[in-house]
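This is entry-v2.cif. It holds mmCIF, C-alpha atoms; chains and numbers go by the auth columns.
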```cif
data_entry
#
loop_
_atom_site.group_PDB
_atom_site.id
_atom_site.type_symbol
_atom_site.label_atom_id
_atom_site.label_comp_id
_atom_site.label_asym_id
_atom_site.label_seq_id
_atom_site.Cartn_x
_atom_site.Cartn_y
_atom_site.Cartn_z
_atom_site.B_iso_or_equiv
_atom_site.auth_seq_id
_atom_site.auth_asym_id
ATOM 1 C CA MET A 1 31.059 5.501 -2.807 0.00 195 I
ATOM 2 C CA HIS A 2 27.530 6.329 -1.701 0.00 196 I
ATOM 3 C CA PHE A 3 24.535 6.724 -3.974 0.00 197 I
ATOM 4 C CA HIS A 4 22.589 9.895 -3.283 0.00 198 I
ATOM 5 C CA LEU A 5 18.978 8.850 -3.571 0.00 199 I
ATOM 6 C CA ASP A 6 17.624 12.307 -4.380 0.00 200 I
ATOM 7 C CA ASN A 7 20.141 12.760 -7.170 0.00 201 I
ATOM 8 C CA GLY A 8 19.497 9.333 -8.633 0.00 202 I
ATOM 9 C CA LEU A 9 15.758 9.757 -8.772 0.00 203 I
ATOM 10 C CA LYS A 10 16.026 13.198 -10.297 0.00 204 I
ATOM 11 C CA ALA A 11 18.444 11.882 -12.914 0.00 205 I
ATOM 12 C CA ASN A 12 16.107 9.032 -13.766 0.00 206 I
ATOM 13 C CA ALA A 13 13.241 11.463 -14.160 0.00 207 I
ATOM 14 C CA ASP A 14 15.408 13.386 -16.644 0.00 208 I
ATOM 15 C CA GLY A 15 16.194 10.207 -18.597 0.00 209 I
ATOM 16 C CA ARG A 16 19.784 9.947 -17.366 0.00 210 I
ATOM 17 C CA ASP A 17 21.666 7.193 -15.562 0.00 211 I
ATOM 18 C CA ILE A 18 23.571 8.298 -12.475 0.00 212 I
ATOM 19 C CA LEU A 19 25.965 5.356 -12.770 0.00 213 I
ATOM 20 C CA VAL A 20 26.602 5.643 -16.511 0.00 214 I
ATOM 21 C CA ASP A 21 26.344 9.369 -17.166 0.00 215 I
ATOM 22 C CA GLY A 22 28.771 10.366 -14.426 0.00 216 I
ATOM 23 C CA ILE A 23 26.353 12.559 -12.481 0.00 217 I
ATOM 24 C CA GLY A 24 27.806 13.927 -9.257 0.00 218 I
ATOM 25 C CA PHE A 25 26.559 13.032 -5.804 0.00 219 I
ATOM 26 C CA GLN A 26 25.568 16.519 -4.663 0.00 220 I
ATOM 27 C CA PRO A 27 22.544 16.879 -2.376 0.00 221 I
ATOM 28 C CA GLU A 28 19.211 17.809 -3.897 0.00 222 I
ATOM 29 C CA PHE A 29 16.672 19.781 -1.891 0.00 223 I
ATOM 30 C CA ASP A 30 13.563 19.379 -4.056 0.00 224 I
ATOM 31 C CA MET A 31 12.833 16.064 -2.404 0.00 225 I
ATOM 32 C CA PHE A 32 11.326 13.607 -4.899 0.00 226 I
ATOM 33 C CA GLU A 33 8.768 15.971 -6.416 0.00 227 I
ATOM 34 C CA ASN A 34 6.985 14.593 -9.496 0.00 228 I
ATOM 35 C CA LEU A 35 9.147 11.468 -9.579 0.00 229 I
ATOM 36 C CA PRO A 36 7.791 7.937 -10.183 0.00 230 I
ATOM 37 C CA LEU A 37 8.986 6.548 -6.858 0.00 231 I
ATOM 38 C CA ALA A 38 6.744 3.490 -6.932 0.00 232 I
ATOM 39 C CA SER A 39 8.893 2.143 -9.784 0.00 233 I
ATOM 40 C CA GLY A 40 11.819 1.731 -7.393 0.00 234 I
ATOM 41 C CA HIS A 41 12.255 -1.889 -6.346 0.00 235 I
ATOM 42 C CA ILE A 42 14.669 -4.479 -5.003 0.00 236 I
ATOM 43 C CA SER A 43 15.413 -7.575 -7.075 0.00 237 I
ATOM 44 C CA ASN A 44 18.346 -9.848 -7.865 0.00 238 I
ATOM 45 C CA GLY A 45 20.447 -8.357 -5.106 0.00 239 I
ATOM 46 C CA ARG A 46 20.167 -4.766 -6.344 0.00 240 I
ATOM 47 C CA LEU A 47 18.171 -1.647 -5.550 0.00 241 I
ATOM 48 C CA HIS A 48 16.773 -0.458 -8.892 0.00 242 I
ATOM 49 C CA LEU A 49 15.915 3.196 -9.431 0.00 243 I
ATOM 50 C CA GLY A 50 14.711 3.685 -12.975 0.00 244 I
ATOM 51 C CA ARG A 51 17.668 2.911 -15.248 0.00 245 I
ATOM 52 C CA SER A 52 20.151 2.943 -12.370 0.00 246 I
ATOM 53 C CA SER A 53 20.837 0.327 -9.721 0.00 247 I
ATOM 54 C CA VAL A 54 23.156 -0.227 -6.768 0.00 248 I
ATOM 55 C CA PRO A 55 24.031 -3.405 -4.830 0.00 249 I
ATOM 56 C CA TRP A 56 21.571 -4.383 -2.100 0.00 250 I
ATOM 57 C CA GLU A 57 22.950 -7.084 0.181 0.00 251 I
ATOM 58 C CA THR A 58 20.825 -10.015 1.322 0.00 252 I
ATOM 59 C CA TYR A 59 19.603 -9.524 4.878 0.00 253 I
ATOM 60 C CA PRO A 60 21.548 -11.447 7.531 0.00 254 I
ATOM 61 C CA ILE A 61 20.274 -14.669 9.045 0.00 255 I
ATOM 62 C CA PRO A 62 20.002 -14.650 12.861 0.00 256 I
ATOM 63 C CA PRO A 63 23.007 -16.442 14.371 0.00 257 I
ATOM 64 C CA ASP A 64 22.305 -19.531 16.473 0.00 258 I
ATOM 65 C CA LYS A 65 23.707 -17.738 19.508 0.00 259 I
ATOM 66 C CA PRO A 66 22.150 -14.269 19.875 0.00 260 I
ATOM 67 C CA ASP A 67 24.503 -11.323 19.535 0.00 261 I
ATOM 68 C CA ASP A 68 24.376 -9.679 22.967 0.00 262 I
ATOM 69 C CA HIS A 69 25.500 -6.326 21.571 0.00 263 I
ATOM 70 C CA LEU A 70 22.592 -6.185 19.126 0.00 264 I
ATOM 71 C CA GLU A 71 19.959 -8.385 20.710 0.00 265 I
ATOM 72 C CA LYS A 72 20.166 -8.501 24.492 0.00 266 I
ATOM 73 C CA THR A 73 17.719 -5.684 25.230 0.00 267 I
ATOM 74 C CA TYR A 74 14.888 -6.603 22.865 0.00 268 I
ATOM 75 C CA LEU A 75 15.229 -10.352 23.543 0.00 269 I
ATOM 76 C CA THR A 76 15.093 -9.712 27.283 0.00 270 I
ATOM 77 C CA GLN A 77 11.821 -7.850 26.723 0.00 271 I
ATOM 78 C CA ILE A 78 10.422 -10.659 24.551 0.00 272 I
ATOM 79 C CA GLN A 79 11.362 -13.195 27.222 0.00 273 I
ATOM 80 C CA ALA A 80 9.658 -11.014 29.836 0.00 274 I
ATOM 81 C CA ALA A 81 6.557 -10.877 27.630 0.00 275 I
ATOM 82 C CA TYR A 82 6.405 -14.673 27.401 0.00 276 I
ATOM 83 C CA ALA A 83 7.042 -15.001 31.138 0.00 277 I
ATOM 84 C CA ASP A 84 4.157 -12.617 31.788 0.00 278 I
ATOM 85 C CA HIS A 85 1.902 -14.602 29.458 0.00 279 I
ATOM 86 C CA LEU A 86 2.903 -18.078 30.643 0.00 280 I
ATOM 87 C CA HIS A 87 3.270 -17.191 34.348 0.00 281 I
ATOM 88 C CA LYS A 88 6.706 -18.837 34.550 0.00 282 I
ATOM 89 C CA PRO A 89 10.320 -17.625 34.355 0.00 283 I
ATOM 90 C CA ILE A 90 11.726 -17.367 30.825 0.00 284 I
ATOM 91 C CA ASN A 91 15.423 -16.557 30.610 0.00 285 I
ATOM 92 C CA CYS A 92 16.238 -17.922 27.157 0.00 286 I
ATOM 93 C CA SER A 93 14.547 -19.625 24.227 0.00 287 I
ATOM 94 C CA ASP A 94 15.194 -23.049 25.778 0.00 288 I
ATOM 95 C CA ASP A 95 12.775 -22.142 28.590 0.00 289 I
ATOM 96 C CA LEU A 96 9.919 -21.689 26.108 0.00 290 I
ATOM 97 C CA PRO A 97 7.369 -24.408 25.361 0.00 291 I
ATOM 98 C CA GLN A 98 7.844 -25.911 21.890 0.00 292 I
ATOM 99 C CA THR A 99 4.649 -24.219 20.701 0.00 293 I
ATOM 100 C CA CYS A 100 6.132 -20.766 21.389 0.00 294 I
ATOM 101 C CA ARG A 101 9.561 -21.244 19.838 0.00 295 I
ATOM 102 C CA PRO A 102 8.606 -20.610 16.178 0.00 296 I
ATOM 103 C CA GLU A 103 7.103 -17.233 17.093 0.00 297 I
ATOM 104 C CA TYR A 104 10.166 -16.351 19.165 0.00 298 I
ATOM 105 C CA ALA A 105 12.479 -17.295 16.291 0.00 299 I
ATOM 106 C CA LYS A 106 10.377 -15.228 13.907 0.00 300 I
ATOM 107 C CA GLN A 107 10.910 -12.123 16.043 0.00 301 I
ATOM 108 C CA ARG A 108 14.660 -12.527 15.623 0.00 302 I
ATOM 109 C CA GLU A 109 14.195 -12.806 11.857 0.00 303 I
ATOM 110 C CA TYR A 110 12.172 -9.586 11.870 0.00 304 I
ATOM 111 C CA PHE A 111 14.928 -7.837 13.810 0.00 305 I
ATOM 112 C CA TYR A 112 17.605 -8.933 11.346 0.00 306 I
ATOM 113 C CA ASP A 113 15.438 -7.893 8.397 0.00 307 I
ATOM 114 C CA ALA A 114 15.395 -4.373 9.851 0.00 308 I
ATOM 115 C CA GLU A 115 19.098 -4.571 10.680 0.00 309 I
ATOM 116 C CA GLY A 116 19.866 -5.647 7.109 0.00 310 I
ATOM 117 C CA MET A 117 17.880 -2.713 5.768 0.00 311 I
ATOM 118 C CA ARG A 118 19.762 -0.359 8.102 0.00 312 I
ATOM 119 C CA ARG A 119 23.147 -1.654 6.944 0.00 313 I
ATOM 120 C CA ASN A 120 22.230 -1.358 3.276 0.00 314 I
ATOM 121 C CA LEU A 121 20.915 2.172 3.663 0.00 315 I
ATOM 122 C CA ARG A 122 24.063 3.134 5.554 0.00 316 I
ATOM 123 C CA ASP A 123 26.353 1.609 2.936 0.00 317 I
ATOM 124 C CA VAL A 124 24.743 2.595 -0.358 0.00 318 I
ATOM 125 C CA ILE A 125 22.716 5.755 0.209 0.00 319 I
ATOM 126 C CA GLU A 126 24.059 9.100 1.366 0.00 320 I
ATOM 127 C CA ASN A 127 22.552 9.986 4.774 0.00 321 I
ATOM 128 C CA GLY A 128 21.186 6.447 4.947 0.00 322 I
ATOM 129 C CA GLU A 129 21.431 6.274 8.744 0.00 323 I
ATOM 130 C CA GLN A 130 19.432 9.497 9.074 0.00 324 I
ATOM 131 C CA GLU A 131 16.776 8.204 6.690 0.00 325 I
ATOM 132 C CA PHE A 132 16.576 4.977 8.690 0.00 326 I
ATOM 133 C CA ASP A 133 16.255 6.862 11.970 0.00 327 I
ATOM 134 C CA ALA A 134 13.454 8.945 10.426 0.00 328 I
ATOM 135 C CA LEU A 135 11.580 5.714 9.676 0.00 329 I
ATOM 136 C CA LYS A 136 11.885 4.638 13.300 0.00 330 I
ATOM 137 C CA VAL A 137 10.576 7.977 14.553 0.00 331 I
ATOM 138 C CA ASP A 138 7.615 7.834 12.190 0.00 332 I
ATOM 139 C CA LEU A 139 6.782 4.257 13.154 0.00 333 I
ATOM 140 C CA TYR A 140 7.036 5.061 16.858 0.00 334 I
ATOM 141 C CA ASP A 141 4.535 7.885 16.467 0.00 335 I
ATOM 142 C CA GLY A 142 2.175 5.464 14.734 0.00 336 I
ATOM 143 C CA ILE A 143 2.310 2.672 17.318 0.00 337 I
ATOM 144 C CA CYS A 144 3.153 4.225 20.697 0.00 338 I
ATOM 145 C CA ASP A 145 -0.500 4.574 21.728 0.00 339 I
ATOM 146 C CA ILE A 146 -1.195 0.934 20.881 0.00 340 I
ATOM 147 C CA CYS A 147 1.775 -0.178 22.950 0.00 341 I
ATOM 148 C CA ALA A 148 0.691 2.008 25.883 0.00 342 I
ATOM 149 C CA SER A 149 -2.841 0.548 25.972 0.00 343 I
ATOM 150 C CA ASP A 150 -3.979 -1.928 28.613 0.00 344 I
ATOM 151 C CA TYR A 151 -3.411 -5.644 27.966 0.00 345 I
ATOM 152 C CA ALA A 152 -3.726 -8.764 30.040 0.00 346 I
ATOM 153 C CA ASP A 153 -0.008 -9.455 29.599 0.00 347 I
ATOM 154 C CA GLY A 154 3.114 -8.325 27.793 0.00 348 I
ATOM 155 C CA LEU A 155 2.893 -10.871 24.982 0.00 349 I
ATOM 156 C CA LEU A 156 -0.525 -9.574 23.965 0.00 350 I
ATOM 157 C CA ARG A 157 0.920 -6.038 24.032 0.00 351 I
ATOM 158 C CA MET A 158 3.793 -7.095 21.780 0.00 352 I
ATOM 159 C CA ARG A 159 1.518 -8.887 19.319 0.00 353 I
ATOM 160 C CA ALA A 160 -0.909 -5.963 19.114 0.00 354 I
ATOM 161 C CA THR A 161 1.914 -3.464 18.590 0.00 355 I
ATOM 162 C CA LEU A 162 3.591 -5.538 15.886 0.00 356 I
ATOM 163 C CA SER A 163 0.268 -6.001 14.123 0.00 357 I
ATOM 164 C CA GLN A 164 -0.307 -2.239 14.146 0.00 358 I
ATOM 165 C CA ALA A 165 3.221 -1.645 12.876 0.00 359 I
ATOM 166 C CA ALA A 166 2.842 -4.099 9.994 0.00 360 I
ATOM 167 C CA GLY A 167 -0.045 -2.128 8.539 0.00 361 I
ATOM 168 C CA PHE A 168 1.143 1.364 9.395 0.00 362 I
ATOM 169 C CA PRO A 169 1.811 3.482 6.257 0.00 363 I
ATOM 170 C CA LEU A 170 5.240 4.991 6.901 0.00 364 I
ATOM 171 C CA SER A 171 5.874 8.411 5.405 0.00 365 I
ATOM 172 C CA GLY A 172 8.542 9.983 7.632 0.00 366 I
ATOM 173 C CA SER A 173 11.359 9.268 5.171 0.00 367 I
ATOM 174 C CA ALA A 174 11.562 9.318 1.397 0.00 368 I
ATOM 175 C CA ILE A 175 12.788 5.719 1.667 0.00 369 I
ATOM 176 C CA ALA A 176 9.269 4.697 2.693 0.00 370 I
ATOM 177 C CA GLN A 177 8.018 5.534 -0.780 0.00 371 I
ATOM 178 C CA PHE A 178 9.670 2.419 -2.229 0.00 372 I
ATOM 179 C CA PRO A 179 7.010 -0.269 -1.666 0.00 373 I
ATOM 180 C CA SER A 180 9.328 -3.273 -1.912 0.00 374 I
ATOM 181 C CA MET A 181 11.892 -1.904 0.565 0.00 375 I
ATOM 182 C CA ILE A 182 9.844 -1.728 3.772 0.00 376 I
ATOM 183 C CA LYS A 183 7.470 -4.636 4.153 0.00 377 I
ATOM 184 C CA ALA A 184 5.643 -5.901 7.236 0.00 378 I
ATOM 185 C CA ALA A 185 8.712 -7.856 8.364 0.00 379 I
ATOM 186 C CA GLU A 186 10.960 -4.803 8.359 0.00 380 I
ATOM 187 C CA LYS A 187 8.350 -2.760 10.237 0.00 381 I
ATOM 188 C CA LYS A 188 8.086 -5.440 12.919 0.00 382 I
ATOM 189 C CA GLY A 189 11.873 -5.496 13.142 0.00 383 I
ATOM 190 C CA LEU A 190 11.850 -1.736 13.632 0.00 384 I
ATOM 191 C CA CYS A 191 9.624 -2.295 16.678 0.00 385 I
ATOM 192 C CA HIS A 192 12.323 -4.472 18.246 0.00 386 I
ATOM 193 C CA MET A 193 14.868 -1.783 17.466 0.00 387 I
ATOM 194 C CA LEU A 194 12.647 0.723 19.252 0.00 388 I
ATOM 195 C CA VAL A 195 12.729 -1.630 22.247 0.00 389 I
ATOM 196 C CA ASN A 196 16.536 -1.573 22.002 0.00 390 I
ATOM 197 C CA ASP A 197 16.284 2.227 22.031 0.00 391 I
ATOM 198 C CA HIS A 198 14.105 2.031 25.183 0.00 392 I
ATOM 199 C CA LYS A 199 11.238 3.705 23.339 0.00 393 I
ATOM 200 C CA LEU A 200 8.933 0.683 23.652 0.00 394 I
ATOM 201 C CA GLU A 201 8.619 -2.032 26.255 0.00 395 I
ATOM 202 C CA TRP A 202 6.345 -5.051 26.396 0.00 396 I
ATOM 203 C CA VAL A 203 6.519 -5.445 30.174 0.00 397 I
ATOM 204 C CA GLN A 204 6.780 -2.183 32.055 0.00 398 I
ATOM 205 C CA GLY A 205 9.656 -1.846 34.439 0.00 399 I
ATOM 206 C CA ASP A 206 11.362 -5.026 33.239 0.00 400 I
ATOM 207 C CA GLU A 207 15.115 -5.014 33.391 0.00 401 I
#
```
Would you mind writing the file's structure down as structure tokens?
Amino acid sequence: MHFHLDNGLKANADGRDILVDGIGFQPEFDMFENLPLASGHISNGRLHLGRSSVPWETYPIPPDKPDDHLEKTYLTQIQAAYADHLHKPINCSDDLPQTCRPEYAKQREYFYDAEGMRRNLRDVIENGEQEFDALKVDLYDGICDICASDYADGLLRMRATLSQAAGFPLSGSAIAQFPSMIKAAEKKGLCHMLVNDHKLEWVQGDE
């Protein structure tokens, strides 16, 4: 059963509990007006909305062996960015100097933070996938010019774009109004998802 975020917030504003009071999951069209959204937060494995809460799964840990289905495209672009920066072929993390490996591993963590958020939104909130996609569109509009600027190499482009993303105030989805849900890590992970979507690239023309 999916939690309809609009309904839950409206119920909380009226002093009711959507889980206890048996409120239906019908769509609401007066999106979040006059509701204390900043009180929504994630803690102890649950998404709390006023008096109501729903399970919020811990984000997945990157597997030792990258998942080609999820990761091949954005990791190929990260490897191309390092190759451009280091002036040497980089085909996997083992080709990286030791000094670069922590940053590379961190990018995978960012991706899985965003992937974990996507899965939770899909599983517990009605229209969660659409809300997640709206976040990606909003973030893209906020960082595309930074990514398209001139840089000495692809790694500098990636770092500048991720830095811009981390501080960009998302507003394209009502989900963005929960301050503890979308932190810098999730925003950086969304950048890698945009690479998967072929919306961003760190090294132009890389395959």
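The gap separating CA of Pro260 (chain I) from CA of Arg353 (chain I) is 21.3 Å, in Å to one decimal.
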Between CA of Lys382 (chain I) and CA of Ser247 (chain I), distance in Å (one decimal) |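 So the answer is 26.6 Å.
Our summary of the geometry notes that CA of Leu350 (chain I) is positioned 19.0 Å from CA of Cys286 (chain I).
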Could you write out as a PyMOL selection string the residues that the PyMOL selection byres ((chain I and resi 268) around 12) matches in the shown file?
-> chain I and resi 260-267+269-275+298+301-302+304-305+352+383-397+400-401
Translate the PyMOL selection byres ((chain I and resi 333-345) around 7), as applied to the file shown, into an explicit residue set as a ChimeraX atom specification.
-> /I:329-332,346-347,350-351,355,358-359,362,364
Export C-alpha atoms of the chosen residues as an mmCIF file, keeping the file's coordinate frame?
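Produced file selection.cif, reproduced below:
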```cif
data_model
loop_
_atom_site.group_PDB
_atom_site.id
_atom_site.type_symbol
_atom_site.label_atom_id
_atom_site.label_comp_id
_atom_site.auth_asym_id
_atom_site.auth_seq_id
_atom_site.Cartn_x
_atom_site.Cartn_y
_atom_site.Cartn_z
ATOM 1 C CA LEU I 329 11.580 5.714 9.676
ATOM 2 C CA LYS I 330 11.885 4.638 13.300
ATOM 3 C CA VAL I 331 10.576 7.977 14.553
ATOM 4 C CA ASP I 332 7.615 7.834 12.190
ATOM 5 C CA ALA I 346 -3.726 -8.764 30.040
ATOM 6 C CA ASP I 347 -0.008 -9.455 29.599
ATOM 7 C CA LEU I 350 -0.525 -9.574 23.965
ATOM 8 C CA ARG I 351 0.920 -6.038 24.032
ATOM 9 C CA THR I 355 1.914 -3.464 18.590
ATOM 10 C CA GLN I 358 -0.307 -2.239 14.146
ATOM 11 C CA ALA I 359 3.221 -1.645 12.876
ATOM 12 C CA PHE I 362 1.143 1.364 9.395
ATOM 13 C CA LEU I 364 5.240 4.991 6.901
#
```
Write out as an NGL selection string which residues come within 10 Å of Leu280 (chain I) when counting only C-alpha atoms, dropping same-chain ones fewer than 2 positions away.
-> :I and (274-278 or 282-284 or 290-291 or 347 or 349)
Applied to this file, what does the PyMOL selection byres ((chain I and resi 322) around 12) return in terms of residues, put as a ChimeraX atom specification?
-> /I:196-200,311-321,323-329,367-369
Residues around (12.7, -8.4, -5.2), cut-off 12 Å, counting all atoms listed in the file - what are they as JSON, numbers by chain?
-> {"I": [234, 235, 236, 237, 238, 239, 240, 241, 242, 250, 251, 252, 372, 373, 374, 375, 376, 377]}
Which one is closest to Tyr253 (chain I): I:Glu309, I:His281, I:Gln398, I:Gln292? Count only C-alpha atoms.
-> I:Glu309
Box in all listed atoms of region 302-311 of chain I, axis-aligned, with 6 Å more on each side; write out centre and edge lengths in Å to one decimal as lines of an AutoDock Vina configuration file.
```
center_x = 16.0
center_y = -7.8
center_z = 10.7
size_x = 19.7
size_y = 22.1
size_z = 21.9
```
